[in-house]
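Q: Can you keep this structure in mind? I'll have questions shortly.
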Amino acid sequence: MPHPYVLLSAAVSLDGYLDDTGPDRLLLSSPADFDRVDEVRASVDAILIGAGTIRADNPRLLVNSEERRAARIAAGKPPYPLKVTVSGSGELDPAANFWHTGGEKLLYTTDEGAERAGALGVTADIVPLGPELDWHRLLEHLREERGVERLMVEGGGRIHTQLLQQGLADEVQLVLAPLFVGDPDAPRLFGPGGYQGGRLRLVESRRIEDVVLMRYEPTAPGTGLAATAADHHWLALACELAAQCPPSRTAFSVGAVVVAADGTELARGHSREGGDPIVHAEEAALAKLDPADPRLATATVYTSLEPCTHRASRPAPCARLILDAGVRRVVTAWREPDTFVEGADGTGLLTAKGVDVVVLDEHADRAKAPNRHLP
């Protein structure tokens with residue numbers, strides 16, 4: 001199921017703390033950065049914070065700029081994004097600012113927490129997720145039932161940690177403030193545990209008065225059948241490559257990217273690349289790699305159309321090339337139709353040989369776009 005684009009936003013001290021242990025909230029951002037955050041809030045469909053942040057900071061979580069609210073209304077949106085919080089226990093103060101400012105509010109909780117929150121008189125739509133909180137179900141519900149395409153997550157650290165560890169964050173916006181906290185009892189941004197490997201991609205760095213904004217995107221592919229935010233990024237790139245193919249009436253336009261387990265791009269290719277009228281995307285990408293490259297065994301091949309199982313132009317179809325390369329994971333957007341080969345089933349062939357194949361059909365329209373001219 002599709003998820004919203006998940007943007008994590010936080011400000012930290014130089015030693016990685018979100019706050020100190022004093023009675024008042026530690027202001028880490030500069031005035032100009034607070035305005036930037038307001039701009040980001042105005043650009044999203046929903047803002048999420050944890051119950052702990054409500055208890056600690058009692059935030060209103062608003063778009064403060066009248067001009068930005070007016071622009072949202074002019075675009076057919078409500079003046080404020082949907083406000084979302086998460087609480088397993090449902091133990092929330094019904095008098096908190098969160099419930100009494102802004103627009104619509106939504107609480108995700110457990111079955112038990114829903115009963116408790118309802119009894120307390122929390123003024124929000126309450127959605128129980130079952131006996132335990134489930135981030136995948138939460139994000140699916142936000143997208144499918146509430147139409148949220150962009151979600152801004154403003155904390156706390158435990159929520160940021162969980163979303164990153166589960167590979168559900170598309171972007172991290174981190175502001176670094178020029179001060180130290182040094183208190184081991186103060187809250188930190190990220191907690192211990194298992195994170196995806198590899199380096200994040202630095203998208204932007206910008207000085208804003210005396211703080212620095214850094215924007216990162218995760219790059220490491222998922223494992224097995226579980227899709228991560230990075231999987232969506234790489235598959236979107238494969239679809240972009242498909243749009244670069246010279247058009248043909250006798251073959252599909254396909255893009256492919258091979259990515260190592262640590263998020264390193266190993267190779268890319270597209271149909272009819274380099275003037276070869278019959279080369280396929282996966283074939284073009286794999287041909288650029290040393291067959292003995294040890295990274296292939298744990299790599300992921302992203303392809304806008306599932307790898308072919310039959311072809312007249314070359315002896316080895318792309319599914320066979322992937323198997324021969326030792327790749328054990330494929331992510332694709334679109335199952336091959338019967339346009340040229342009846343009953344093609346690259347997914348079935350690969351799966352039968354032990355390859356994990358993930359189909360992210362929310363990218364199918366982009367994969368089909370360069371092939372609209374085909375019958």
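Starting from 1 in every chain, residues are counted up; chains themselves are A, B, ... following the order of the structure tokens, and ligands are numbered from 1 as listed.
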Once DSSP has gone over the backbone, tell me which residues of stretch 45-292 of chain A are in strand (DSSP E), as an MDAnalysis selection string.

A: chainID A and resid 46:50 82:87 105:109 125:128 150:153 171:176 201:208 211:217 255:259 265:270

Q: Residues at most 7 Å from stretch 328-342 of chain A, counting only C-alpha atoms, excluding those fewer than 2 positions away in the same chain, as a CSV table (one decimal) with C-alpha atoms, in the first residue's frame?

A:
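selection25.csv was written with the following content:
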```
chain,number,residue,atom,x,y,z
A,224,GLY,CA,13.5,-9.1,1.4
A,235,LEU,CA,12.4,3.0,-8.6
A,297,ALA,CA,25.0,-10.8,-4.3
A,298,THR,CA,23.3,-8.2,-1.9
A,299,ALA,CA,22.4,-5.6,-4.5
A,300,THR,CA,18.9,-4.7,-5.7
A,301,VAL,CA,17.9,-4.2,-9.3
A,302,TYR,CA,15.2,-1.5,-9.8
A,303,THR,CA,13.4,-1.8,-13.1
A,304,SER,CA,10.4,0.2,-14.4
A,305,LEU,CA,9.0,-3.0,-16.1
A,306,GLU,CA,9.4,-6.5,-14.6
A,326,GLY,CA,23.7,-13.4,-8.5
A,344,ALA,CA,5.2,-13.2,-19.6
A,355,VAL,CA,14.8,-13.9,-5.8
A,356,ASP,CA,12.7,-11.5,-3.7
A,357,VAL,CA,10.5,-9.4,-6.1
A,358,VAL,CA,8.8,-6.3,-4.8
A,359,VAL,CA,6.1,-4.7,-7.0
A,360,LEU,CA,5.5,-1.1,-6.1
A,361,ASP,CA,2.5,-0.5,-8.4
A,363,HIS,CA,4.8,3.9,-9.7
A,364,ALA,CA,3.1,2.0,-12.5
A,367,ALA,CA,6.5,3.4,-15.9
A,375,PRO,CA,-1.0,-1.0,-28.7
```

Q: If we count only C-alpha atoms and set the cut-off at 8 Å, which residues sit around A:Gly263, ignoring sequence neighbours fewer than 4 positions away in its own chain? Please answer as a list in words.

A: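 Neighbouring residues, sequence-local ones excluded: Gly197, Gly198, Arg199, Pro218, Thr219, Ala220, Pro221 and Val259 of chain A.
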
Q: Any chance you can output those residues with N, CA, C and O atoms as an mmCIF file, in the first residue's frame?

A:
```cif
data_model
loop_
_atom_site.group_PDB
_atom_site.id
_atom_site.type_symbol
_atom_site.label_atom_id
_atom_site.label_comp_id
_atom_site.auth_asym_id
_atom_site.auth_seq_id
_atom_site.Cartn_x
_atom_site.Cartn_y
_atom_site.Cartn_z
ATOM 1 N N GLY A 197 21.853 0.291 6.813
ATOM 2 C CA GLY A 197 23.257 0.600 6.571
ATOM 3 C C GLY A 197 23.427 1.688 5.521
ATOM 4 O O GLY A 197 22.473 2.149 4.905
ATOM 5 N N GLY A 198 24.678 2.051 5.317
ATOM 6 C CA GLY A 198 24.992 2.992 4.259
ATOM 7 C C GLY A 198 24.881 4.445 4.680
ATOM 8 O O GLY A 198 24.377 4.784 5.749
ATOM 9 N N ARG A 199 25.356 5.308 3.799
ATOM 10 C CA ARG A 199 25.349 6.741 4.031
ATOM 11 C C ARG A 199 24.087 7.355 3.462
ATOM 12 O O ARG A 199 23.562 6.904 2.433
ATOM 13 N N PRO A 218 17.609 8.944 2.792
ATOM 14 C CA PRO A 218 18.170 7.593 2.903
ATOM 15 C C PRO A 218 18.405 6.994 1.513
ATOM 16 O O PRO A 218 17.661 7.289 0.569
ATOM 17 N N THR A 219 19.407 6.167 1.387
ATOM 18 C CA THR A 219 19.730 5.566 0.089
ATOM 19 C C THR A 219 19.739 4.041 0.110
ATOM 20 O O THR A 219 19.641 3.425 -0.947
ATOM 21 N N ALA A 220 19.870 3.407 1.270
ATOM 22 C CA ALA A 220 20.030 1.954 1.324
ATOM 23 C C ALA A 220 18.733 1.250 0.956
ATOM 24 O O ALA A 220 17.674 1.554 1.512
ATOM 25 N N PRO A 221 18.787 0.285 0.040
ATOM 26 C CA PRO A 221 17.575 -0.471 -0.306
ATOM 27 C C PRO A 221 17.036 -1.247 0.889
ATOM 28 O O PRO A 221 17.743 -1.483 1.877
ATOM 29 N N VAL A 259 21.688 -1.115 -7.402
ATOM 30 C CA VAL A 259 22.099 -0.399 -6.192
ATOM 31 C C VAL A 259 22.627 -1.400 -5.169
ATOM 32 O O VAL A 259 21.977 -2.416 -4.880
#
```

Q: So which residues of stretch 103-155 of chain A fall under alpha helix (DSSP H) by DSSP, listed as a PyMOL selection string?

A: chain A and resi 111-120+135-146

Q: Can I get the selection written as a JSON list (two decimals), in the first residue's frame, with N, CA and C atoms?

A:
```
[["chain", "number", "residue", "atom", "x", "y", "z"],
["A", 111, "ASP", "N", -6.11, -0.36, 20.59],
["A", 111, "ASP", "CA", -7.52, -0.58, 20.94],
["A", 111, "ASP", "C", -7.79, -0.12, 22.38],
["A", 112, "GLU", "N", -6.88, -0.48, 23.28],
["A", 112, "GLU", "CA", -7.04, -0.08, 24.67],
["A", 112, "GLU", "C", -6.90, 1.43, 24.82],
["A", 113, "GLY", "N", -5.93, 2.02, 24.10],
["A", 113, "GLY", "CA", -5.73, 3.46, 24.18],
["A", 113, "GLY", "C", -6.91, 4.25, 23.64],
["A", 114, "ALA", "N", -7.61, 3.69, 22.64],
["A", 114, "ALA", "CA", -8.77, 4.39, 22.08],
["A", 114, "ALA", "C", -9.87, 4.52, 23.13],
["A", 115, "GLU", "N", -10.07, 3.48, 23.91],
["A", 115, "GLU", "CA", -11.08, 3.55, 24.97],
["A", 115, "GLU", "C", -10.70, 4.59, 26.02],
["A", 116, "ARG", "N", -9.43, 4.61, 26.38],
["A", 116, "ARG", "CA", -8.99, 5.55, 27.41],
["A", 116, "ARG", "C", -9.09, 6.99, 26.90],
["A", 117, "ALA", "N", -8.63, 7.25, 25.67],
["A", 117, "ALA", "CA", -8.68, 8.60, 25.13],
["A", 117, "ALA", "C", -10.12, 9.09, 25.00],
["A", 118, "GLY", "N", -11.01, 8.18, 24.59],
["A", 118, "GLY", "CA", -12.41, 8.55, 24.48],
["A", 118, "GLY", "C", -13.01, 8.91, 25.82],
["A", 119, "ALA", "N", -12.65, 8.14, 26.84],
["A", 119, "ALA", "CA", -13.17, 8.41, 28.19],
["A", 119, "ALA", "C", -12.64, 9.72, 28.75],
["A", 120, "LEU", "N", -11.42, 10.09, 28.34],
["A", 120, "LEU", "CA", -10.83, 11.34, 28.82],
["A", 120, "LEU", "C", -11.43, 12.56, 28.13],
["A", 135, "TRP", "N", 3.33, 1.34, 12.44],
["A", 135, "TRP", "CA", 3.61, 2.50, 11.61],
["A", 135, "TRP", "C", 3.17, 2.29, 10.17],
["A", 136, "HIS", "N", 3.31, 1.07, 9.65],
["A", 136, "HIS", "CA", 2.88, 0.83, 8.27],
["A", 136, "HIS", "C", 1.37, 1.05, 8.13],
["A", 137, "ARG", "N", 0.60, 0.50, 9.05],
["A", 137, "ARG", "CA", -0.85, 0.69, 8.99],
["A", 137, "ARG", "C", -1.21, 2.16, 9.17],
["A", 138, "LEU", "N", -0.51, 2.84, 10.05],
["A", 138, "LEU", "CA", -0.78, 4.26, 10.28],
["A", 138, "LEU", "C", -0.56, 5.07, 9.00],
["A", 139, "LEU", "N", 0.57, 4.84, 8.34],
["A", 139, "LEU", "CA", 0.88, 5.60, 7.13],
["A", 139, "LEU", "C", -0.07, 5.24, 5.99],
["A", 140, "GLU", "N", -0.42, 3.96, 5.90],
["A", 140, "GLU", "CA", -1.39, 3.56, 4.87],
["A", 140, "GLU", "C", -2.73, 4.24, 5.10],
["A", 141, "HIS", "N", -3.17, 4.30, 6.35],
["A", 141, "HIS", "CA", -4.45, 4.94, 6.65],
["A", 141, "HIS", "C", -4.40, 6.43, 6.32],
["A", 142, "LEU", "N", -3.30, 7.09, 6.67],
["A", 142, "LEU", "CA", -3.18, 8.52, 6.36],
["A", 142, "LEU", "C", -3.31, 8.78, 4.86],
["A", 143, "ARG", "N", -2.68, 7.93, 4.06],
["A", 143, "ARG", "CA", -2.71, 8.14, 2.61],
["A", 143, "ARG", "C", -4.06, 7.74, 2.01],
["A", 144, "GLU", "N", -4.54, 6.56, 2.38],
["A", 144, "GLU", "CA", -5.73, 6.03, 1.73],
["A", 144, "GLU", "C", -7.01, 6.66, 2.24],
["A", 145, "GLU", "N", -7.10, 6.90, 3.54],
["A", 145, "GLU", "CA", -8.35, 7.38, 4.13],
["A", 145, "GLU", "C", -8.39, 8.89, 4.32],
["A", 146, "ARG", "N", -7.24, 9.52, 4.48],
["A", 146, "ARG", "CA", -7.21, 10.97, 4.73],
["A", 146, "ARG", "C", -6.56, 11.75, 3.60]]
```

Q: Within 7 Å of stretch 279-284 of chain A, which residues of stretch 161-261 of chain A show up? Give each one with its shortest atom-to-atom distance in Å (one decimal) and the two atoms involved, counting only C-alpha atoms, rows by chain then rising residue number, as a tab-separated table.

A:
```
residue	atom	partner	partner_atom	distance
A:Val254	CA	A:Ala281	CA	5.7
A:Gly255	CA	A:Ala281	CA	5.3
A:Ala256	CA	A:Ala281	CA	5.3
```

Q: Go ahead and write the residues just picked, C-alpha atoms, as a PDB file, in the first residue's frame.

A:
```
ATOM      1  CA  VAL A 254      12.344   0.628 -19.644  1.00  0.00           C
ATOM      2  CA  GLY A 255      14.821   2.059 -17.142  1.00  0.00           C
ATOM      3  CA  ALA A 256      16.935   0.129 -14.643  1.00  0.00           C
TER       4      ALA A 256
END
```

Q: Taking into account only C-alpha atoms, which residue in the set A:Leu133, A:Leu18, A:Ala11, A:Val172 is nearest to A:Asp185?

A: A:Leu18
